[in-house]
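Novice: Sending over a structure as structure tokens; questions will come in a sec.
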Protein chains: 4
Amino acid sequence: MWMRTTCNLEFQLAYPTPLILMLRARSGPRQWIARESYTLAPVLPVQEYTDIFGNLCQRLTAPAGEFYVRTSADVITRDSLEEAPGGGFVDIPDLPDNVLMYLLPSRYCESDRFGNMAREIVDGLPLGYDQVAQITHWLRESIRYAPGTSAFPLSAVEVNLQGEGVCRDLSHLGISLCRALSIPARLVVGYLHALEPMDMHAWFEAYVDNHWYTFDPTESTLRGGRLAVAYGRDAADVAIYTQFGPPATYSDMQVGVELLEVPPG
Amino acid sequence: MWMRTTCNLEFQLAYPTPLILMLRARSGPRQWIARESYTLAPVLPVQEYTDIFGNLCQRLTAPAGEFYVRTSADVITRDSLEEAPGGGFVDIPDLPDNVLMYLLPSRYCESDRFGNMAREIVDGLPLGYDQVAQITHWLRESIRYAPGTSAFPLSAVEVNLQGEGVCRDLSHLGISLCRALSIPARLVVGYLHALEPMDMHAWFEAYVDNHWYTFDPTESTLRGGRLAVAYGRDAADVAIYTQFGPPATYSDMQVGVELLEVPPG
Amino acid sequence: MWMRTTCNLEFQLAYPTPLILMLRARSGPRQWIARESYTLAPVLPVQEYTDIFGNLCQRLTAPAGEFYVRTSADVITRDSLEEAPGGGFVDIPDLPDNVLMYLLPSRYCESDRFGNMAREIVDGLPLGYDQVAQITHWLRESIRYAPGTSAFPLSAVEVNLQGEGVCRDLSHLGISLCRALSIPARLVVGYLHALEPMDMHAWFEAYVDNHWYTFDPTESTLRGGRLAVAYGRDAADVAIYTQFGPPATYSDMQVGVELLEVPPG
Amino acid sequence: MWMRTTCNLEFQLAYPTPLILMLRARSGPRQWIARESYTLAPVLPVQEYTDIFGNLCQRLTAPAGEFYVRTSADVITRDSLEEAPGGGFVDIPDLPDNVLMYLLPSRYCESDRFGNMAREIVDGLPLGYDQVAQITHWLRESIRYAPGTSAFPLSAVEVNLQGEGVCRDLSHLGISLCRALSIPARLVVGYLHALEPMDMHAWFEAYVDNHWYTFDPTESTLRGGRLAVAYGRDAADVAIYTQFGPPATYSDMQVGVELLEVPPG
């Protein structure tokens, strides 16, 4: 399916402010960027680099006053996503080297504290995909999805205590439970068609059956129509923007996803 | 300056044909991609990866029949380029690790065979930038720039014997002469505003005075208005497209560069 | 100075157990490995890979029963370490790309929760090296260094509440306070000559004045005689060994550091 | 099998001379370094870095006068090597991204000039392993292996004209013929037990049947007992040492490989 994503940021800043942005999606096996635009007002020098997870990051110093970032992409992506019921656990010795870091605990995913809870949730299930599916099911049943409620990321421990969270928070808990079972898991930030209310979205991927599979604890049925923008161990690695120095006087973000009838030509 | 580049490829193929393309420029310190489009007809699955030089490469299998690749970018780039007369030679121990490979001979740059000739050309000059400037000057005086004459790349040895070549060939000789003096040098493929006749262009960069500086043996005065698309040791690393299997029945490439009056918004 | 380090591990395992080890130091600007040995008993197939931080990691599956890893290195390292009082804060736009990740919060370094505390500790000091020196001083005054007390890593929040910790825990708090001031900081695990009691050691580095400088909150005067084995964002990234599956029946680690009178020849 | 390798270099230099060495083998799936030593006389500062092929490289500036490098490794390696008669050609779209560069022509492997010759040599054979085996057989029949005859590397074109060459030169031709058939191939430099006369050795690997397989055109039967030290596209990438500035007054290299009865403990 073809879709057009947009993400526009507006800042009002009292001081010149260094920013790191992650707003340029990369073409990959599941998504192809046919058109994109990325404009700044005022126009500024920008440096782009690739971080350790392969994300394209943009560095700049925004001036005092009003500052706008407007991005858009026309992409082809999948209508539906592969699922793999029964897909097997990958033994540690067989994991690719570059997947191993997704077994480790991270800022918002204290997987070292969730061993017992994870084993209870998946009790009796075959190792692998079905465990992750059960974790995702358990999240939907047990943790209230409350979009728009959280100003800053909650860690898995916090979201478990609080019993509710935004998409990112639910994924933090899902990722932690997977890693506690020695299943590699990572956070994805991106766009999802027809999300209500529309916003940037976050979900997670788990590595089973020798592939990264998508799981979304905010949905009862996994949907396609996704554009991944950034991957990381958790929200600490994949902020849409990171701002240094005093907070902005005002900031706003507008996100849009629409279907395209005709491929861009 | 703002400019819009386009590169459109057309193929007529007797068989399904694997292609590797290098047609997506990256934002960097000297150029910012504000908009780009990259479309295929028919629409096909594509994989994109980053090669060892940092270039974005697109892999696909083109179908039998007609196949089109259309790319375009709106970019901000420099009006003029830094020059550094007197800029010093960088001692080998002070070269950054990732620059060292640009000292080695490569397919079309047999720098190991040009020691004496390089020393003659730069005789008496201070080490560094001025040597490269003199090499570039010598190329303009001694090797005829004959755009459009070469079907496949000439190596430095060949272009030196033949006394003429296209932009890429001249750069191969320039790079070889630099490396023979222990000055790192690399090939750049990209766009140049107002090139006559318009086509993809190639030039080279040499590492002196702790920076990569641009040199273009096809120009008496170095101009800006460039968009770099790919970097490599020589033309073997940076083909706009590499095609596997039987040759295309027909192929064509249309390149354009125009100035934009107004930045894309 | 020349020194010989040894680290010997012993495991008694009920089941075949996947292990990831980080016990091979790399030669670098501050240390040169002139001899090393790394032996396993029983002898086993091992895979070695380089993680995202540049550490050499060894993967293997230890058999049920007794298993030994014995490592030793003869190295040349610095007698004393550079300090840089007055060394300046590096503005965010000037930080190298690969340093940026050390600004982010991580599993055991919740730097996003220490802004106010960090600003209080360094109140009135010039930005940069002196702030980190003051943080290190504050740690020595305020947090009791209690070697051998901790079975698993404490996060910065935990060590601050608890008021004591092992070397690694103190560094977690130091790192978090630095990052809260936008100073990149990372954990180092390695050997320290004449440490009492002898064990693997951990300290931290902060990036100021365009270099990584060493800080050790367990010492009143910074000493040399160090061999760095692994770098990371915190202890989650740099475990000497990570073990998967049921815990070992028994495990033990013996560490030694001795001076060499004569360089190995 | 356990073996001990040594490579000792001696230089007499008129001037301080920058050197880049590749003398530290890495542990990997086929070889494990249990002990190694790497000493310099006089002792000097050295920097070690990893090049784009994954080789560990040592940079230093050797002083005027006598300079020694002595390296040794105790390793476990394979007695015999896997062969895969009938192993299939890997279609270009299925090649891993990081293998693609080994399809390109390089300094000493002008694969773009060997298409017809390669197709003649392998005429009628199934695509893949058997083609490479036939190329290796053809090399043994057609090109005289003349150890010790060549001061500097010959390119594939040159060795084909000349009809003889050292191990490295034969491999250059073998690699070029493989790449001309779209089979990725790379040069390996290392040690071979019982080589006569003993010296550093070079052979090549080709990527078929989804693996890198070893081929050695200097042997009628492929033997094990190898320690790979460096990989690259050809000899330009993998010199045991590269020296800058005026040549050494004198240089010498002593190589040894012996079997170990007892593993080092």
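To be explicit about the labels: the chains of the structure tokens are called A, B, and onward in the order shown, and within each one the residues are counted from 1, while ligands get numbers from 1 in the order they are shown.
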Near chain C, which residues of chain A fall within 9 Å when you count only C-alpha atoms, and what do they look like as a PDB file with N, CA and C atoms, in the first residue's frame?
Specialist:
ATOM      1  N   PRO A  18      20.704  23.436  20.628  1.00  0.00           N
ATOM      2  CA  PRO A  18      21.083  22.249  19.853  1.00  0.00           C
ATOM      3  C   PRO A  18      19.969  21.205  19.852  1.00  0.00           C
ATOM      4  N   LEU A  19      19.702  20.667  18.689  1.00  0.00           N
ATOM      5  CA  LEU A  19      18.682  19.621  18.544  1.00  0.00           C
ATOM      6  C   LEU A  19      19.294  18.435  17.816  1.00  0.00           C
ATOM      7  N   TYR A  49      24.077  12.054  10.464  1.00  0.00           N
ATOM      8  CA  TYR A  49      24.963  10.928  10.732  1.00  0.00           C
ATOM      9  C   TYR A  49      24.112   9.696  11.013  1.00  0.00           C
ATOM     10  N   THR A  50      24.760   8.541  11.004  1.00  0.00           N
ATOM     11  CA  THR A  50      24.083   7.271  11.262  1.00  0.00           C
ATOM     12  C   THR A  50      24.468   6.807  12.660  1.00  0.00           C
ATOM     13  N   ASP A  51      23.491   6.544  13.510  1.00  0.00           N
ATOM     14  CA  ASP A  51      23.837   6.115  14.864  1.00  0.00           C
ATOM     15  C   ASP A  51      24.124   4.612  14.912  1.00  0.00           C
ATOM     16  N   ILE A  52      24.417   4.084  16.108  1.00  0.00           N
ATOM     17  CA  ILE A  52      24.823   2.682  16.213  1.00  0.00           C
ATOM     18  C   ILE A  52      23.706   1.698  15.872  1.00  0.00           C
ATOM     19  N   PHE A  53      22.483   2.179  15.826  1.00  0.00           N
ATOM     20  CA  PHE A  53      21.371   1.296  15.475  1.00  0.00           C
ATOM     21  C   PHE A  53      21.027   1.397  13.988  1.00  0.00           C
ATOM     22  N   ARG A  59      21.564  16.709  13.077  1.00  0.00           N
ATOM     23  CA  ARG A  59      22.033  17.607  14.134  1.00  0.00           C
ATOM     24  C   ARG A  59      21.997  19.050  13.650  1.00  0.00           C
ATOM     25  N   LEU A  60      21.523  19.933  14.468  1.00  0.00           N
ATOM     26  CA  LEU A  60      21.504  21.343  14.095  1.00  0.00           C
ATOM     27  C   LEU A  60      21.381  22.180  15.364  1.00  0.00           C
ATOM     28  N   THR A  61      21.606  23.465  15.234  1.00  0.00           N
ATOM     29  CA  THR A  61      21.351  24.392  16.332  1.00  0.00           C
ATOM     30  C   THR A  61      20.237  25.327  15.898  1.00  0.00           C
ATOM     31  N   ASP A  91      18.041 -20.196  19.895  1.00  0.00           N
ATOM     32  CA  ASP A  91      19.026 -20.426  20.953  1.00  0.00           C
ATOM     33  C   ASP A  91      20.098 -19.339  20.926  1.00  0.00           C
ATOM     34  N   ILE A  92      20.551 -18.980  22.090  1.00  0.00           N
ATOM     35  CA  ILE A  92      21.536 -17.890  22.206  1.00  0.00           C
ATOM     36  C   ILE A  92      22.722 -18.095  21.261  1.00  0.00           C
ATOM     37  N   PRO A  93      23.296 -19.279  21.191  1.00  0.00           N
ATOM     38  CA  PRO A  93      24.458 -19.438  20.298  1.00  0.00           C
ATOM     39  C   PRO A  93      24.134 -19.198  18.827  1.00  0.00           C
ATOM     40  N   ASP A  97      25.297 -11.849  15.800  1.00  0.00           N
ATOM     41  CA  ASP A  97      26.029 -10.979  16.719  1.00  0.00           C
ATOM     42  C   ASP A  97      25.305  -9.659  16.983  1.00  0.00           C
ATOM     43  N   ASN A  98      24.773  -9.068  15.908  1.00  0.00           N
ATOM     44  CA  ASN A  98      24.219  -7.723  16.082  1.00  0.00           C
ATOM     45  C   ASN A  98      22.824  -7.719  16.707  1.00  0.00           C
ATOM     46  N   LEU A 100      22.444  -9.477  19.655  1.00  0.00           N
ATOM     47  CA  LEU A 100      22.684  -9.764  21.072  1.00  0.00           C
ATOM     48  C   LEU A 100      22.422  -8.571  21.978  1.00  0.00           C
ATOM     49  N   MET A 101      22.693  -7.357  21.500  1.00  0.00           N
ATOM     50  CA  MET A 101      22.516  -6.203  22.393  1.00  0.00           C
ATOM     51  C   MET A 101      21.055  -6.006  22.785  1.00  0.00           C
ATOM     52  N   LEU A 104      19.940  -7.219  26.349  1.00  0.00           N
ATOM     53  CA  LEU A 104      20.418  -6.559  27.565  1.00  0.00           C
ATOM     54  C   LEU A 104      19.364  -5.616  28.135  1.00  0.00           C
ATOM     55  N   PRO A 105      19.370  -5.427  29.446  1.00  0.00           N
ATOM     56  CA  PRO A 105      18.484  -4.419  30.025  1.00  0.00           C
ATOM     57  C   PRO A 105      18.906  -3.024  29.548  1.00  0.00           C
ATOM     58  N   SER A 106      17.945  -2.101  29.510  1.00  0.00           N
ATOM     59  CA  SER A 106      18.255  -0.744  29.063  1.00  0.00           C
ATOM     60  C   SER A 106      17.468   0.246  29.918  1.00  0.00           C
ATOM     61  N   ARG A 107      17.643   1.519  29.646  1.00  0.00           N
ATOM     62  CA  ARG A 107      17.120   2.564  30.544  1.00  0.00           C
ATOM     63  C   ARG A 107      15.679   2.321  30.969  1.00  0.00           C
ATOM     64  N   TYR A 108      14.804   2.088  30.004  1.00  0.00           N
ATOM     65  CA  TYR A 108      13.386   1.976  30.315  1.00  0.00           C
ATOM     66  C   TYR A 108      12.902   0.529  30.275  1.00  0.00           C
ATOM     67  N   CYS A 109      13.809  -0.392  30.123  1.00  0.00           N
ATOM     68  CA  CYS A 109      13.445  -1.817  30.048  1.00  0.00           C
ATOM     69  C   CYS A 109      14.323  -2.602  31.020  1.00  0.00           C
ATOM     70  N   GLU A 110      13.923  -2.621  32.287  1.00  0.00           N
ATOM     71  CA  GLU A 110      14.720  -3.272  33.333  1.00  0.00           C
ATOM     72  C   GLU A 110      14.431  -4.764  33.315  1.00  0.00           C
ATOM     73  N   SER A 182      15.058 -14.250  27.526  1.00  0.00           N
ATOM     74  CA  SER A 182      16.157 -14.386  26.557  1.00  0.00           C
ATOM     75  C   SER A 182      15.687 -14.295  25.105  1.00  0.00           C
ATOM     76  N   ALA A 236      14.969   5.820  25.173  1.00  0.00           N
ATOM     77  CA  ALA A 236      16.169   6.644  25.342  1.00  0.00           C
ATOM     78  C   ALA A 236      16.952   6.745  24.029  1.00  0.00           C
ATOM     79  N   ASP A 237      16.901   5.706  23.229  1.00  0.00           N
ATOM     80  CA  ASP A 237      17.668   5.685  21.978  1.00  0.00           C
ATOM     81  C   ASP A 237      16.942   6.346  20.811  1.00  0.00           C
ATOM     82  N   PHE A 244      18.700  20.143  23.822  1.00  0.00           N
ATOM     83  CA  PHE A 244      19.653  20.406  24.886  1.00  0.00           C
ATOM     84  C   PHE A 244      19.491  21.838  25.391  1.00  0.00           C
ATOM     85  N   GLY A 245      19.748  22.041  26.643  1.00  0.00           N
ATOM     86  CA  GLY A 245      19.639  23.380  27.221  1.00  0.00           C
ATOM     87  C   GLY A 245      18.237  23.636  27.750  1.00  0.00           C
TER      88      GLY A 245
END
Novice: Write down as a VMD selection string the residues belonging to range 52-91 of chain A that are assigned strand (DSSP E or B) by DSSP computed on the backbone.
Specialist: chain A and resid 56 to 62 65 to 77 88
Novice: Hey, what does DSSP flag as helix (DSSP H, G or I) within range 145-211 of chain D? Can you give it to me as a list in words?
Specialist: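 Here are the helix (DSSP H, G or I) residues of range 145-211 of chain D: Ala156, Val157, Glu158, Val159, Asn160, Leu161, Gln162, Cys167, Arg168, Asp169, Leu170, Ser171, His172, Leu173, Gly174, Ile175, Ser176, Leu177, Cys178, Arg179 and Ala180 of chain D.
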Novice: Provide the CA of Leu23 in chain D to CA of Tyr68 in chain C distance in Å, to one decimal place.
Specialist: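 Answer for the CA of Leu23 in chain D to CA of Tyr68 in chain C separation: 28.4 Å.
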Novice: Name all residues at most 12 Å from Pro263 in chain B (count only C-alpha atoms; drop same-chain ones fewer than 4 positions away) and give them as JSON, numbers by chain.
Specialist: {"A": [37, 38, 39, 40, 41, 42, 43], "B": [1, 2, 3, 4, 32, 33, 34, 35, 74, 75, 76, 77, 259]}
Novice: If you keep N, CA and C atoms, can you produce a file of those selected residues as an mmCIF file, in the first residue's frame?
Specialist:
data_model
loop_
_atom_site.group_PDB
_atom_site.id
_atom_site.type_symbol
_atom_site.label_atom_id
_atom_site.label_comp_id
_atom_site.auth_asym_id
_atom_site.auth_seq_id
_atom_site.Cartn_x
_atom_site.Cartn_y
_atom_site.Cartn_z
ATOM 1 N N SER A 37 10.445 14.765 1.808
ATOM 2 C CA SER A 37 10.920 16.137 1.930
ATOM 3 C C SER A 37 11.223 16.400 3.398
ATOM 4 N N TYR A 38 12.161 17.285 3.599
ATOM 5 C CA TYR A 38 12.648 17.577 4.958
ATOM 6 C C TYR A 38 13.118 19.015 4.908
ATOM 7 N N THR A 39 12.289 19.926 5.348
ATOM 8 C CA THR A 39 12.650 21.340 5.221
ATOM 9 C C THR A 39 12.616 22.030 6.576
ATOM 10 N N LEU A 40 13.457 23.023 6.693
ATOM 11 C CA LEU A 40 13.603 23.791 7.920
ATOM 12 C C LEU A 40 13.301 25.251 7.614
ATOM 13 N N ALA A 41 12.672 25.947 8.557
ATOM 14 C CA ALA A 41 12.469 27.388 8.411
ATOM 15 C C ALA A 41 12.771 28.019 9.762
ATOM 16 N N PRO A 42 13.748 28.910 9.854
ATOM 17 C CA PRO A 42 14.618 29.297 8.746
ATOM 18 C C PRO A 42 15.535 28.163 8.308
ATOM 19 N N VAL A 43 16.080 28.312 7.090
ATOM 20 C CA VAL A 43 17.040 27.339 6.566
ATOM 21 C C VAL A 43 18.340 27.422 7.373
ATOM 22 N N MET B 1 23.337 27.757 -2.350
ATOM 23 C CA MET B 1 22.442 27.809 -3.501
ATOM 24 C C MET B 1 21.532 26.575 -3.518
ATOM 25 N N TRP B 2 20.315 26.783 -3.998
ATOM 26 C CA TRP B 2 19.353 25.702 -4.115
ATOM 27 C C TRP B 2 19.363 25.168 -5.540
ATOM 28 N N MET B 3 19.414 23.871 -5.678
ATOM 29 C CA MET B 3 19.298 23.332 -7.030
ATOM 30 C C MET B 3 18.520 22.015 -7.017
ATOM 31 N N ARG B 4 17.995 21.703 -8.170
ATOM 32 C CA ARG B 4 17.231 20.458 -8.346
ATOM 33 C C ARG B 4 17.985 19.567 -9.323
ATOM 34 N N TRP B 32 22.603 19.451 1.798
ATOM 35 C CA TRP B 32 21.408 19.048 2.529
ATOM 36 C C TRP B 32 20.320 18.707 1.533
ATOM 37 N N ILE B 33 19.791 17.497 1.674
ATOM 38 C CA ILE B 33 18.733 17.046 0.775
ATOM 39 C C ILE B 33 17.397 17.458 1.391
ATOM 40 N N ALA B 34 16.755 18.428 0.822
ATOM 41 C CA ALA B 34 15.485 18.906 1.384
ATOM 42 C C ALA B 34 14.300 18.109 0.841
ATOM 43 N N ARG B 35 14.388 17.693 -0.400
ATOM 44 C CA ARG B 35 13.354 16.843 -0.994
ATOM 45 C C ARG B 35 14.049 15.861 -1.890
ATOM 46 N N ASP B 74 15.993 18.006 -4.415
ATOM 47 C CA ASP B 74 16.142 19.451 -4.224
ATOM 48 C C ASP B 74 17.108 19.628 -3.068
ATOM 49 N N VAL B 75 18.199 20.315 -3.340
ATOM 50 C CA VAL B 75 19.267 20.342 -2.337
ATOM 51 C C VAL B 75 19.782 21.757 -2.150
ATOM 52 N N ILE B 76 20.340 21.989 -0.983
ATOM 53 C CA ILE B 76 21.099 23.205 -0.781
ATOM 54 C C ILE B 76 22.572 22.804 -0.781
ATOM 55 N N THR B 77 23.345 23.529 -1.570
ATOM 56 C CA THR B 77 24.761 23.211 -1.664
ATOM 57 C C THR B 77 25.553 24.510 -1.772
ATOM 58 N N LEU B 259 18.767 25.452 -11.276
ATOM 59 C CA LEU B 259 18.718 26.262 -10.061
ATOM 60 C C LEU B 259 17.276 26.451 -9.624
#
